[in-house]
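Trainee: This structure is in structure tokens; I'll ask about it shortly.
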Amino acid sequence: METTTVAGVRNLRQVEAVERARLLDVSAYDISLDLTDGTGYPGEGTFRSVTEVRFSCREPGATTFIEIAADSLRGATLNGEPLDISGWAADSGLVVPGLAAENVLVVDADCAYSSVGQGLHRSVDPVDKEVYLYSQFETADAQRVFACFDQPDLKAEFTWHVTAPAHWRLVSNMPIEREEPVAGMERAKTAHFVRSPRMSTYITAICGGPYHEVRETHDGIDLGVFCRASMARHLDADDILLITKQGFDFFHREFGVRYPLPKYDQVYSPDFNAGAMENFGCVVHAEQHYIFRSQVTDYEYEQRANTILHEMAHMWFGDLVTMRWWDDLWLNESFAEWASHWANTGATRFSDAWTTFLSVRKNWGYRQDQLSSTHPVYCEMPDVDAVEVNFDGITYAKGASVIKQLVAYVGIEPFLAGLRAYFAKHAWGNATFDDLLSALEAASGKELRKFAAQWLETSQVNTLRPEITLAADGTYESVAVLQHAPERYPTLRTHRIGIGLYDLEDSRLVRREHIEVDIDGARTGIPQFAGRPAADVLLLNDDDLTYAKLRLDERSMATVVDHISGFDNPLARALCWAASWDMARDGELAARDYVRMVVRGLPDEKDINLVTATLGQARSALAFYADEGWAPEGWQQLARTAERMAERATPGSGFQLAWARAYAAAAREGADLAIIADWLRGENVPDGLVIQADLRWGLLHSLVANGAAGPDRIEAELDADRTASGERQAALARALVPTPESKAETWRRLVSDHGLPNWLQRSLLQGFQHPAQTALTAPYAAKYFEVVGDVWEALDSEPAQDFAMLAYPAYQISEETVALTDAWLDRAGHPAPLRRLVLEGRDGVVRALKARAKDTGAA
């Protein structure tokens with residue numbers, strides 16, 4: 001079979017990985033990097049990388065290969081003898097023939113710095129012009145920095161030696177053992193790190209730069225928090241360390257196994273593509289998401305806490321015990337997703353974290369699972385290429401929902417007992433889901449294979465709805481739960497759910513009764529409710545135990561529309577908001593009725609996470625699902641409500657900030673834009689609302705997108721905020737300028753300049769399309785399909801995926817867009833991951849057309 005490539009990195013196939021793991025046992029890497037220009041200043045372009053790998057071979061005389069996606073190869077030796085490197089290529093690796101029983105391979109290479117967040121990313125701080133580096137090696141980008149057998153089950157010990165400018169702080173998985181000056185380079189030093197325990201290549205790490213550092217010790221673990229020097233005044237290290245310490249205390253107690261490394265560093269780095277990465281003992285976080293330059297709400301603080309705990313959970317599940325191959329990626333991420341919300345609820349101030357899981361993360365899973373590209377939670381990963389697009393809502397959110405359901409099914413104590421046995425048996429090694437399942441079966445005494453098959457090997461989501469018959473006296477004559485599955489995915493699953501009966505008492509919805517039952521098959525009777533007085537709301541999946549779409553009966557829905565804020569339990573409110581949003585997305589509830597529910601019910605909501613998530617959904621309803629003729633009225637309704645709440649909310653509160661952001665995003669009319677312009681000038685600002693940093697940019701983005709501010713205003717704002725964040729926001733603002741010339745230039749850069757750094761490309765993509773500019777960007781729908789294949793081939797995987805998803809004409813809700821997409825899909829030869837992303841864009845347009853038809857009919 002011919003080997004394919006992914007942007008300069010070998011696309012390792014599973015069959016190759018299995019064979020190489022059978023053949024080799026890797027013991028140690030010794031890696032030397034020179035990150036200077038030879039005089040002690042930071043290097044540019046490339047850096048020197050010398051790797052010594054020690055490994056044994058079970059079949060002496062055999063041939064293998066090692067990945068090294070370098071800019072150029074200086075040379076290589078095997079057991080002291082030169083290797084022929086003439087056949088080497090960055091995207092195919094280096095062939096290593098004639099193996100001995102014990103081998104020492106040395107590879108000397110010049111590797112390229114990255115600007116797209118893969119490999120060793122290099123960025124320059126616009127404030128002080130200092131260089132900062134961080135590494136990102138998942139899935140298969142360690143080979144961009146050092147020669148390695150880049151697969152998760154070939155673990156080894158790692159020793160790093162890094163030459164860098166003398167004023168830099170260097171961070172890796174282990175502490176620095178010693179630093180020494182470099183002969184002939186007085187401005188440089190070499191740091192020698194302590195040899196690490198066994199770990200996989202993708203969780204090794206190296207970060208460097210004049211990072212600001214805060215250190216503390218807790219329970220024998222040396223804790224470090226790092227950020228760029230120019231961001232030090234915004235770093236609230238005390239809160240980050242508080243969550244970190246609470247997390248360690250919680251996981252030590254529950255997992256029964258101590259964190260095994262001597263230190264735990266968290267590096268907040270610029271331009272990081274995702275939220276964070278679980279490098280063993282050296283977690284890298286996205287600075288732009290988690291260092292707050294101005295006031296934020298508790299929503300942002302909870303999201304940061306969740307990320308801290310998610311990555312910490314990986315120290316056990318993923319780092320200490322690692323998946324054998326990427327087909328268990330789902331388990332790696334699902335477990336960390338479940339564990340982070342579990343720990344947030346049980347160890348931190350965010351005791352309602354499961355509400356956030358439902359309203360934010362689970363909605364992501366539901367959306368992903370209803371796309372035509374849906375896949376089982378567990379699916380085969382034939383190669384690394386397939387893995388790249390599978391970091392999705394099914395892998396994370398649906399998988400975590402399955403773990404939550406599994407915990408409810410076996411009980412938390414048996415679950416933890418099985419987990420502890422799993423850690424004890426497989427520590428420092430690799431394992432599979434079958435290994436975990438066996439441990440859980442032994443601990444719980446329950447057979448779990450049927451459960452696993454139902455939930456992990458099938459696709460799509462079930463819908464649960466109540467079937468109610470009332471007796472003449474107002475009691476329930478019968479209650480049943482109906483389970484539906486889509487025609488193409490007919491699996492009916494076993495669901496452990498709660499059912500709550502809520503009565504309306506003085507505008508409060510009080511839970512009178514709650515039961516837990518198992519739902520199995522198309523219809524499950526609930527005899528426990530027969531003869532009970534009918535409730536004002538019968539709520540399925542109360543406490544959110546299972547993963548399923550919900551519907552309310554007519555009586556319950558009528559109550560919820562007028563009294564959703566009456567639930568004293570935020571999780572119950574979240575379930576009703578989620579059901580309403582799902583009905584809007586499915587074209588069962590008109591977008592205008594959903595917006596009406598939002599403007600009537602959301603002002604009384606007391607959970608900031610629900611407010612934030614629901615306001616975002618209301619904007620999506622207006623942008624995608626509302627009839628175009630009515631949408632301006634809907635935007636005006638949302639803007640009026642948001643302005644009123646920004647004035648009425650407690651001054652300085654997170655709720656005031658959330659409503660102010662919503663006002664800026666919803667504003668379309670001249671009067672609203674004039675108010676926003678006043679706020680930006682510091683005039684007539686609601687009491688307590690602080691207009692600074694990212695909120696200033698949000699206000700300006702609204703003005704620019706609607707033609708109420710121009711390029712000169714953008715440059716003036718940037719002059720006052722000449723930071724990395726300011727440059728990112730200004731780039732987005734420039735892309736928002738609503739002129740044909742501006743859109744043409746933005747498009748030219750996106751499709752022609754293949755050297756854009758990741759932050760700039762993403763800002764241009766985010767600003768290029770806007771729901772208020774659909775006529776302006778309509779001509780680019782056809783252009784997208786002309787260029788997307790070429791852009792995909794030209795870019796590395798992360799920016800290629802960003803372009804495929806964010807440049808898709810998602811706001812062009814028309815049959816013409818569907819036809820353009822179909823014509824492109826009908827052509828052969830497109831890479832499977834690209835086809836998947838384009839198909840997902842089509843799904844969104846088709847869904848929007850159905851929802852708009854419903855909304856038009858509701859007029």
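Chain labels A, B, ... are given in the sequence in which chains occur in the structure tokens; within each chain residues are numbered consecutively from 1, and ligands are likewise numbered from 1 in the order shown.
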Using only C-alpha atoms, which residues sit within 9 Å of Ile66 in chain A once same-chain residues fewer than 2 positions away are excluded, as number ranges by chain?
Mentor: A: 64, 68, 92-96, 143, 147-150
Trainee: Skipping near chain neighbours, those fewer than 4 positions away, what residues fall within 12 Å of Leu806 in chain A using only C-alpha atoms, listed as an mmCIF file with all heavy atoms, in the first residue's frame?
Mentor:
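What follows is the written file result.cif:
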data_model
loop_
_atom_site.group_PDB
_atom_site.id
_atom_site.type_symbol
_atom_site.label_atom_id
_atom_site.label_comp_id
_atom_site.auth_asym_id
_atom_site.auth_seq_id
_atom_site.Cartn_x
_atom_site.Cartn_y
_atom_site.Cartn_z
ATOM 1 N N LEU A 750 -6.113 34.924 2.289
ATOM 2 C CA LEU A 750 -6.466 33.602 2.797
ATOM 3 C C LEU A 750 -6.116 32.497 1.810
ATOM 4 O O LEU A 750 -5.681 31.412 2.208
ATOM 5 C CB LEU A 750 -7.955 33.546 3.138
ATOM 6 C CG LEU A 750 -8.388 34.272 4.412
ATOM 7 C CD1 LEU A 750 -9.906 34.356 4.501
ATOM 8 C CD2 LEU A 750 -7.828 33.571 5.654
ATOM 9 N N GLN A 761 -4.378 33.936 10.325
ATOM 10 C CA GLN A 761 -5.309 33.243 9.436
ATOM 11 C C GLN A 761 -6.676 33.092 10.100
ATOM 12 O O GLN A 761 -7.717 33.338 9.488
ATOM 13 C CB GLN A 761 -4.761 31.857 9.055
ATOM 14 C CG GLN A 761 -5.630 31.167 8.002
ATOM 15 C CD GLN A 761 -5.763 29.671 8.220
ATOM 16 O OE1 GLN A 761 -5.706 29.192 9.356
ATOM 17 N NE2 GLN A 761 -5.943 28.926 7.151
ATOM 18 N N ARG A 762 -6.680 32.714 11.381
ATOM 19 C CA ARG A 762 -7.953 32.506 12.070
ATOM 20 C C ARG A 762 -8.709 33.826 12.229
ATOM 21 O O ARG A 762 -9.934 33.866 12.083
ATOM 22 C CB ARG A 762 -7.705 31.843 13.423
ATOM 23 C CG ARG A 762 -8.971 31.329 14.086
ATOM 24 C CD ARG A 762 -8.644 30.387 15.230
ATOM 25 N NE ARG A 762 -8.036 29.167 14.733
ATOM 26 C CZ ARG A 762 -7.053 28.521 15.357
ATOM 27 N NH1 ARG A 762 -6.569 28.991 16.485
ATOM 28 N NH2 ARG A 762 -6.570 27.398 14.858
ATOM 29 N N SER A 763 -8.001 34.914 12.518
ATOM 30 C CA SER A 763 -8.661 36.217 12.649
ATOM 31 C C SER A 763 -9.296 36.640 11.326
ATOM 32 O O SER A 763 -10.431 37.145 11.295
ATOM 33 C CB SER A 763 -7.653 37.279 13.105
ATOM 34 O OG SER A 763 -7.214 37.024 14.413
ATOM 35 N N LEU A 764 -8.567 36.441 10.221
ATOM 36 C CA LEU A 764 -9.114 36.794 8.912
ATOM 37 C C LEU A 764 -10.345 35.948 8.579
ATOM 38 O O LEU A 764 -11.331 36.464 8.039
ATOM 39 C CB LEU A 764 -8.044 36.622 7.836
ATOM 40 C CG LEU A 764 -6.821 37.540 7.928
ATOM 41 C CD1 LEU A 764 -5.821 37.209 6.830
ATOM 42 C CD2 LEU A 764 -7.224 39.008 7.869
ATOM 43 N N LEU A 765 -10.287 34.673 8.904
ATOM 44 C CA LEU A 765 -11.436 33.800 8.639
ATOM 45 C C LEU A 765 -12.642 34.190 9.490
ATOM 46 O O LEU A 765 -13.779 34.199 9.010
ATOM 47 C CB LEU A 765 -11.055 32.345 8.923
ATOM 48 C CG LEU A 765 -10.169 31.664 7.879
ATOM 49 C CD1 LEU A 765 -9.601 30.357 8.428
ATOM 50 C CD2 LEU A 765 -10.941 31.409 6.589
ATOM 51 N N GLN A 766 -12.397 34.529 10.751
ATOM 52 C CA GLN A 766 -13.510 34.886 11.638
ATOM 53 C C GLN A 766 -14.164 36.192 11.221
ATOM 54 O O GLN A 766 -15.365 36.383 11.436
ATOM 55 C CB GLN A 766 -13.003 34.968 13.070
ATOM 56 C CG GLN A 766 -12.663 33.612 13.667
ATOM 57 C CD GLN A 766 -11.928 33.717 14.992
ATOM 58 O OE1 GLN A 766 -11.321 34.746 15.306
ATOM 59 N NE2 GLN A 766 -11.975 32.657 15.779
ATOM 60 N N GLY A 767 -13.392 37.100 10.629
ATOM 61 C CA GLY A 767 -13.953 38.375 10.226
ATOM 62 C C GLY A 767 -14.496 38.404 8.809
ATOM 63 O O GLY A 767 -15.275 39.300 8.464
ATOM 64 N N PHE A 768 -14.118 37.443 8.011
ATOM 65 C CA PHE A 768 -14.505 37.501 6.598
ATOM 66 C C PHE A 768 -16.016 37.386 6.415
ATOM 67 O O PHE A 768 -16.623 38.125 5.636
ATOM 68 C CB PHE A 768 -13.796 36.397 5.804
ATOM 69 C CG PHE A 768 -14.152 36.409 4.344
ATOM 70 C CD1 PHE A 768 -13.654 37.396 3.504
ATOM 71 C CD2 PHE A 768 -14.991 35.444 3.806
ATOM 72 C CE1 PHE A 768 -13.993 37.423 2.165
ATOM 73 C CE2 PHE A 768 -15.329 35.457 2.468
ATOM 74 C CZ PHE A 768 -14.837 36.449 1.641
ATOM 75 N N GLN A 769 -16.638 36.464 7.119
ATOM 76 C CA GLN A 769 -18.084 36.286 7.012
ATOM 77 C C GLN A 769 -18.766 36.808 8.274
ATOM 78 O O GLN A 769 -18.257 36.635 9.375
ATOM 79 C CB GLN A 769 -18.440 34.817 6.811
ATOM 80 C CG GLN A 769 -17.882 34.213 5.541
ATOM 81 C CD GLN A 769 -18.455 32.844 5.268
ATOM 82 O OE1 GLN A 769 -19.523 32.711 4.687
ATOM 83 N NE2 GLN A 769 -17.743 31.813 5.690
ATOM 84 N N HIS A 770 -19.940 37.403 8.098
ATOM 85 C CA HIS A 770 -20.691 37.962 9.215
ATOM 86 C C HIS A 770 -22.169 37.907 8.836
ATOM 87 O O HIS A 770 -22.521 38.139 7.667
ATOM 88 C CB HIS A 770 -20.248 39.407 9.480
ATOM 89 C CG HIS A 770 -20.814 40.004 10.730
ATOM 90 N ND1 HIS A 770 -22.070 40.563 10.777
ATOM 91 C CD2 HIS A 770 -20.298 40.110 11.978
ATOM 92 C CE1 HIS A 770 -22.310 41.006 12.004
ATOM 93 N NE2 HIS A 770 -21.245 40.732 12.752
ATOM 94 N N TYR A 784 -15.173 29.566 -3.052
ATOM 95 C CA TYR A 784 -14.698 28.614 -2.037
ATOM 96 C C TYR A 784 -14.444 27.244 -2.661
ATOM 97 O O TYR A 784 -13.401 26.618 -2.424
ATOM 98 C CB TYR A 784 -15.728 28.510 -0.913
ATOM 99 C CG TYR A 784 -15.478 27.378 0.063
ATOM 100 C CD1 TYR A 784 -14.627 27.544 1.147
ATOM 101 C CD2 TYR A 784 -16.102 26.140 -0.091
ATOM 102 C CE1 TYR A 784 -14.394 26.510 2.050
ATOM 103 C CE2 TYR A 784 -15.878 25.103 0.798
ATOM 104 C CZ TYR A 784 -15.028 25.287 1.868
ATOM 105 O OH TYR A 784 -14.804 24.258 2.751
ATOM 106 N N VAL A 788 -10.744 25.444 -2.392
ATOM 107 C CA VAL A 788 -10.571 24.743 -1.114
ATOM 108 C C VAL A 788 -9.623 23.554 -1.239
ATOM 109 O O VAL A 788 -8.826 23.282 -0.331
ATOM 110 C CB VAL A 788 -11.935 24.323 -0.528
ATOM 111 C CG1 VAL A 788 -12.639 23.274 -1.407
ATOM 112 C CG2 VAL A 788 -11.767 23.803 0.900
ATOM 113 N N PRO A 799 -4.197 24.690 9.998
ATOM 114 C CA PRO A 799 -4.748 25.782 9.189
ATOM 115 C C PRO A 799 -5.596 25.290 8.022
ATOM 116 O O PRO A 799 -6.536 25.983 7.614
ATOM 117 C CB PRO A 799 -3.511 26.537 8.699
ATOM 118 C CG PRO A 799 -2.374 25.589 8.850
ATOM 119 C CD PRO A 799 -2.717 24.711 10.014
ATOM 120 N N ALA A 800 -5.293 24.110 7.497
ATOM 121 C CA ALA A 800 -6.123 23.571 6.412
ATOM 122 C C ALA A 800 -7.534 23.295 6.904
ATOM 123 O O ALA A 800 -8.527 23.609 6.225
ATOM 124 C CB ALA A 800 -5.484 22.303 5.856
ATOM 125 N N GLN A 801 -7.643 22.703 8.083
ATOM 126 C CA GLN A 801 -8.968 22.455 8.647
ATOM 127 C C GLN A 801 -9.694 23.760 8.953
ATOM 128 O O GLN A 801 -10.906 23.873 8.731
ATOM 129 C CB GLN A 801 -8.842 21.611 9.919
ATOM 130 C CG GLN A 801 -8.432 20.171 9.671
ATOM 131 C CD GLN A 801 -8.353 19.379 10.961
ATOM 132 O OE1 GLN A 801 -9.342 19.212 11.667
ATOM 133 N NE2 GLN A 801 -7.160 18.908 11.291
ATOM 134 N N ASP A 802 -8.968 24.735 9.481
ATOM 135 C CA ASP A 802 -9.594 26.025 9.770
ATOM 136 C C ASP A 802 -10.190 26.632 8.510
ATOM 137 O O ASP A 802 -11.324 27.139 8.514
ATOM 138 C CB ASP A 802 -8.577 26.985 10.385
ATOM 139 C CG ASP A 802 -8.384 26.761 11.872
ATOM 140 O OD1 ASP A 802 -9.185 26.017 12.474
ATOM 141 O OD2 ASP A 802 -7.423 27.313 12.438
ATOM 142 N N ALA A 810 -21.260 29.302 5.076
ATOM 143 C CA ALA A 810 -22.287 28.834 6.013
ATOM 144 C C ALA A 810 -23.464 29.795 6.128
ATOM 145 O O ALA A 810 -24.586 29.376 6.443
ATOM 146 C CB ALA A 810 -21.657 28.622 7.389
ATOM 147 N N TYR A 811 -23.228 31.090 5.898
ATOM 148 C CA TYR A 811 -24.311 32.070 6.021
ATOM 149 C C TYR A 811 -25.138 32.198 4.744
ATOM 150 O O TYR A 811 -26.151 32.896 4.734
ATOM 151 C CB TYR A 811 -23.742 33.443 6.395
ATOM 152 C CG TYR A 811 -23.178 33.518 7.784
ATOM 153 C CD1 TYR A 811 -21.811 33.608 8.004
ATOM 154 C CD2 TYR A 811 -24.020 33.504 8.904
ATOM 155 C CE1 TYR A 811 -21.283 33.680 9.284
ATOM 156 C CE2 TYR A 811 -23.502 33.576 10.193
ATOM 157 C CZ TYR A 811 -22.137 33.664 10.370
ATOM 158 O OH TYR A 811 -21.624 33.730 11.645
ATOM 159 N N LEU A 837 -15.340 17.580 6.130
ATOM 160 C CA LEU A 837 -15.576 18.933 6.621
ATOM 161 C C LEU A 837 -16.518 19.708 5.695
ATOM 162 O O LEU A 837 -17.374 20.462 6.164
ATOM 163 C CB LEU A 837 -14.244 19.664 6.772
ATOM 164 C CG LEU A 837 -13.290 19.071 7.818
ATOM 165 C CD1 LEU A 837 -11.964 19.823 7.812
ATOM 166 C CD2 LEU A 837 -13.905 19.095 9.206
ATOM 167 N N VAL A 838 -16.369 19.531 4.396
ATOM 168 C CA VAL A 838 -17.266 20.198 3.455
ATOM 169 C C VAL A 838 -18.683 19.652 3.596
ATOM 170 O O VAL A 838 -19.674 20.401 3.564
ATOM 171 C CB VAL A 838 -16.747 20.046 2.013
ATOM 172 C CG1 VAL A 838 -17.765 20.567 1.003
ATOM 173 C CG2 VAL A 838 -15.419 20.786 1.857
ATOM 174 N N GLU A 840 -20.007 18.486 6.260
ATOM 175 C CA GLU A 840 -20.576 19.040 7.485
ATOM 176 C C GLU A 840 -21.091 20.465 7.253
ATOM 177 O O GLU A 840 -22.117 20.861 7.824
ATOM 178 C CB GLU A 840 -19.526 19.024 8.593
ATOM 179 C CG GLU A 840 -19.223 17.633 9.106
ATOM 180 C CD GLU A 840 -18.139 17.598 10.181
ATOM 181 O OE1 GLU A 840 -17.562 18.665 10.477
ATOM 182 O OE2 GLU A 840 -17.868 16.517 10.712
ATOM 183 N N GLY A 841 -20.391 21.240 6.428
ATOM 184 C CA GLY A 841 -20.902 22.559 6.072
ATOM 185 C C GLY A 841 -22.232 22.472 5.352
ATOM 186 O O GLY A 841 -23.161 23.242 5.630
#
Trainee: From the DSSP assignment of the backbone, select every residue of range 493-649 of chain A that is strand (DSSP E), and format the answer as a PyMOL selection string.
Mentor: chain A and resi 495-505+508-519+523-525+537-540+549-550
Trainee: Write out as a PyMOL selection string all residues of range 149-368 of chain A that DSSP puts in helix (DSSP H, G or I) for this structure's backbone.
Mentor: chain A and resi 201-203+229-234+237-255+287-290+298-314+326-347+353-368
Trainee: Residues of the last selection are to be written out with C-alpha atoms, as a PDB file, in the first residue's frame.
Mentor:
ATOM      1  CA  THR A 201       6.503  10.968  22.161  1.00  0.00           C
ATOM      2  CA  TYR A 202       3.353  13.069  21.762  1.00  0.00           C
ATOM      3  CA  ILE A 203       3.303  14.190  25.424  1.00  0.00           C
ATOM      4  CA  ALA A 229       6.441  38.896  30.409  1.00  0.00           C
ATOM      5  CA  SER A 230       4.098  41.430  28.802  1.00  0.00           C
ATOM      6  CA  MET A 231       1.082  39.512  30.152  1.00  0.00           C
ATOM      7  CA  ALA A 232       2.399  39.168  33.705  1.00  0.00           C
ATOM      8  CA  ARG A 233       0.201  41.960  35.062  1.00  0.00           C
ATOM      9  CA  HIS A 234      -2.890  40.084  33.842  1.00  0.00           C
ATOM     10  CA  ALA A 237      -1.762  32.914  39.265  1.00  0.00           C
ATOM     11  CA  ASP A 238      -3.444  32.633  42.673  1.00  0.00           C
ATOM     12  CA  ASP A 239      -6.715  31.450  41.135  1.00  0.00           C
ATOM     13  CA  ILE A 240      -4.976  29.125  38.669  1.00  0.00           C
ATOM     14  CA  LEU A 241      -2.956  27.576  41.499  1.00  0.00           C
ATOM     15  CA  LEU A 242      -6.041  27.300  43.727  1.00  0.00           C
ATOM     16  CA  ILE A 243      -7.843  25.200  41.105  1.00  0.00           C
ATOM     17  CA  THR A 244      -4.645  23.212  40.526  1.00  0.00           C
ATOM     18  CA  LYS A 245      -4.242  22.375  44.211  1.00  0.00           C
ATOM     19  CA  GLN A 246      -7.926  21.505  44.578  1.00  0.00           C
ATOM     20  CA  GLY A 247      -7.624  19.240  41.563  1.00  0.00           C
ATOM     21  CA  PHE A 248      -4.588  17.386  42.870  1.00  0.00           C
ATOM     22  CA  ASP A 249      -6.226  16.849  46.266  1.00  0.00           C
ATOM     23  CA  PHE A 250      -9.381  15.531  44.605  1.00  0.00           C
ATOM     24  CA  PHE A 251      -7.698  13.212  42.092  1.00  0.00           C
ATOM     25  CA  HIS A 252      -5.228  11.865  44.644  1.00  0.00           C
ATOM     26  CA  ARG A 253      -8.116  10.941  46.904  1.00  0.00           C
ATOM     27  CA  GLU A 254     -10.368   9.475  44.210  1.00  0.00           C
ATOM     28  CA  PHE A 255      -7.827   7.783  41.936  1.00  0.00           C
ATOM     29  CA  GLU A 287      -3.101  32.366  26.603  1.00  0.00           C
ATOM     30  CA  GLN A 288      -5.782  34.053  24.501  1.00  0.00           C
ATOM     31  CA  HIS A 289      -8.523  32.005  26.167  1.00  0.00           C
ATOM     32  CA  TYR A 290      -7.367  31.836  29.764  1.00  0.00           C
ATOM     33  CA  ASP A 298     -17.753  33.315  35.986  1.00  0.00           C
ATOM     34  CA  TYR A 299     -18.441  31.500  32.718  1.00  0.00           C
ATOM     35  CA  GLU A 300     -14.856  32.193  31.630  1.00  0.00           C
ATOM     36  CA  TYR A 301     -13.462  31.301  35.059  1.00  0.00           C
ATOM     37  CA  GLU A 302     -15.331  28.010  35.051  1.00  0.00           C
ATOM     38  CA  GLN A 303     -14.170  27.200  31.532  1.00  0.00           C
ATOM     39  CA  ARG A 304     -10.586  27.806  32.625  1.00  0.00           C
ATOM     40  CA  ALA A 305     -11.032  25.647  35.727  1.00  0.00           C
ATOM     41  CA  ASN A 306     -12.510  22.894  33.584  1.00  0.00           C
ATOM     42  CA  THR A 307      -9.531  23.026  31.229  1.00  0.00           C
ATOM     43  CA  ILE A 308      -7.044  22.936  34.116  1.00  0.00           C
ATOM     44  CA  LEU A 309      -8.770  19.864  35.538  1.00  0.00           C
ATOM     45  CA  HIS A 310      -9.189  18.216  32.129  1.00  0.00           C
ATOM     46  CA  GLU A 311      -5.459  18.368  31.456  1.00  0.00           C
ATOM     47  CA  MET A 312      -4.670  17.276  35.016  1.00  0.00           C
ATOM     48  CA  ALA A 313      -6.886  14.197  34.642  1.00  0.00           C
ATOM     49  CA  HIS A 314      -4.782  13.276  31.602  1.00  0.00           C
ATOM     50  CA  TRP A 326      -5.416   6.380  18.245  1.00  0.00           C
ATOM     51  CA  ASP A 327      -8.612   4.321  17.982  1.00  0.00           C
ATOM     52  CA  ASP A 328      -8.846   4.867  21.746  1.00  0.00           C
ATOM     53  CA  LEU A 329      -8.428   8.630  21.409  1.00  0.00           C
ATOM     54  CA  TRP A 330     -12.108   8.899  22.366  1.00  0.00           C
ATOM     55  CA  LEU A 331     -11.424   7.232  25.711  1.00  0.00           C
ATOM     56  CA  ASN A 332      -8.465   9.477  26.414  1.00  0.00           C
ATOM     57  CA  GLU A 333     -10.492  12.643  25.830  1.00  0.00           C
ATOM     58  CA  SER A 334     -13.875  11.416  27.055  1.00  0.00           C
ATOM     59  CA  PHE A 335     -12.466  10.359  30.391  1.00  0.00           C
ATOM     60  CA  ALA A 336     -10.685  13.679  30.909  1.00  0.00           C
ATOM     61  CA  GLU A 337     -13.853  15.541  29.879  1.00  0.00           C
ATOM     62  CA  TRP A 338     -15.963  13.584  32.371  1.00  0.00           C
ATOM     63  CA  ALA A 339     -13.355  13.790  35.136  1.00  0.00           C
ATOM     64  CA  SER A 340     -12.913  17.551  34.797  1.00  0.00           C
ATOM     65  CA  HIS A 341     -16.624  18.264  35.328  1.00  0.00           C
ATOM     66  CA  TRP A 342     -16.781  15.687  38.121  1.00  0.00           C
ATOM     67  CA  ALA A 343     -13.828  17.329  39.871  1.00  0.00           C
ATOM     68  CA  ASN A 344     -15.124  20.845  39.220  1.00  0.00           C
ATOM     69  CA  THR A 345     -18.395  19.897  40.883  1.00  0.00           C
ATOM     70  CA  GLY A 346     -16.777  18.125  43.822  1.00  0.00           C
ATOM     71  CA  ALA A 347     -13.623  20.133  44.500  1.00  0.00           C
ATOM     72  CA  ALA A 353     -20.426  22.277  36.547  1.00  0.00           C
ATOM     73  CA  TRP A 354     -22.709  19.539  35.227  1.00  0.00           C
ATOM     74  CA  THR A 355     -25.111  22.287  34.142  1.00  0.00           C
ATOM     75  CA  THR A 356     -22.321  23.796  32.100  1.00  0.00           C
ATOM     76  CA  PHE A 357     -21.483  20.382  30.672  1.00  0.00           C
ATOM     77  CA  LEU A 358     -25.071  20.070  29.454  1.00  0.00           C
ATOM     78  CA  SER A 359     -25.518  23.591  28.123  1.00  0.00           C
ATOM     79  CA  VAL A 360     -22.109  23.959  26.475  1.00  0.00           C
ATOM     80  CA  ARG A 361     -20.237  20.721  25.894  1.00  0.00           C
ATOM     81  CA  LYS A 362     -23.109  18.287  25.433  1.00  0.00           C
ATOM     82  CA  ASN A 363     -24.768  20.563  22.890  1.00  0.00           C
ATOM     83  CA  TRP A 364     -21.543  20.299  20.902  1.00  0.00           C
ATOM     84  CA  GLY A 365     -21.879  16.526  21.004  1.00  0.00           C
ATOM     85  CA  TYR A 366     -25.522  16.561  19.949  1.00  0.00           C
ATOM     86  CA  ARG A 367     -24.724  18.850  17.022  1.00  0.00           C
ATOM     87  CA  GLN A 368     -21.789  16.726  15.842  1.00  0.00           C
TER      88      GLN A 368
END
Trainee: May I have the residues within 10 Å of Gly601 in chain A as a ChimeraX atom specification, using only C-alpha atoms and disregarding those fewer than 4 positions away in the same chain?
Mentor: /A:560-566,577,595-597,605
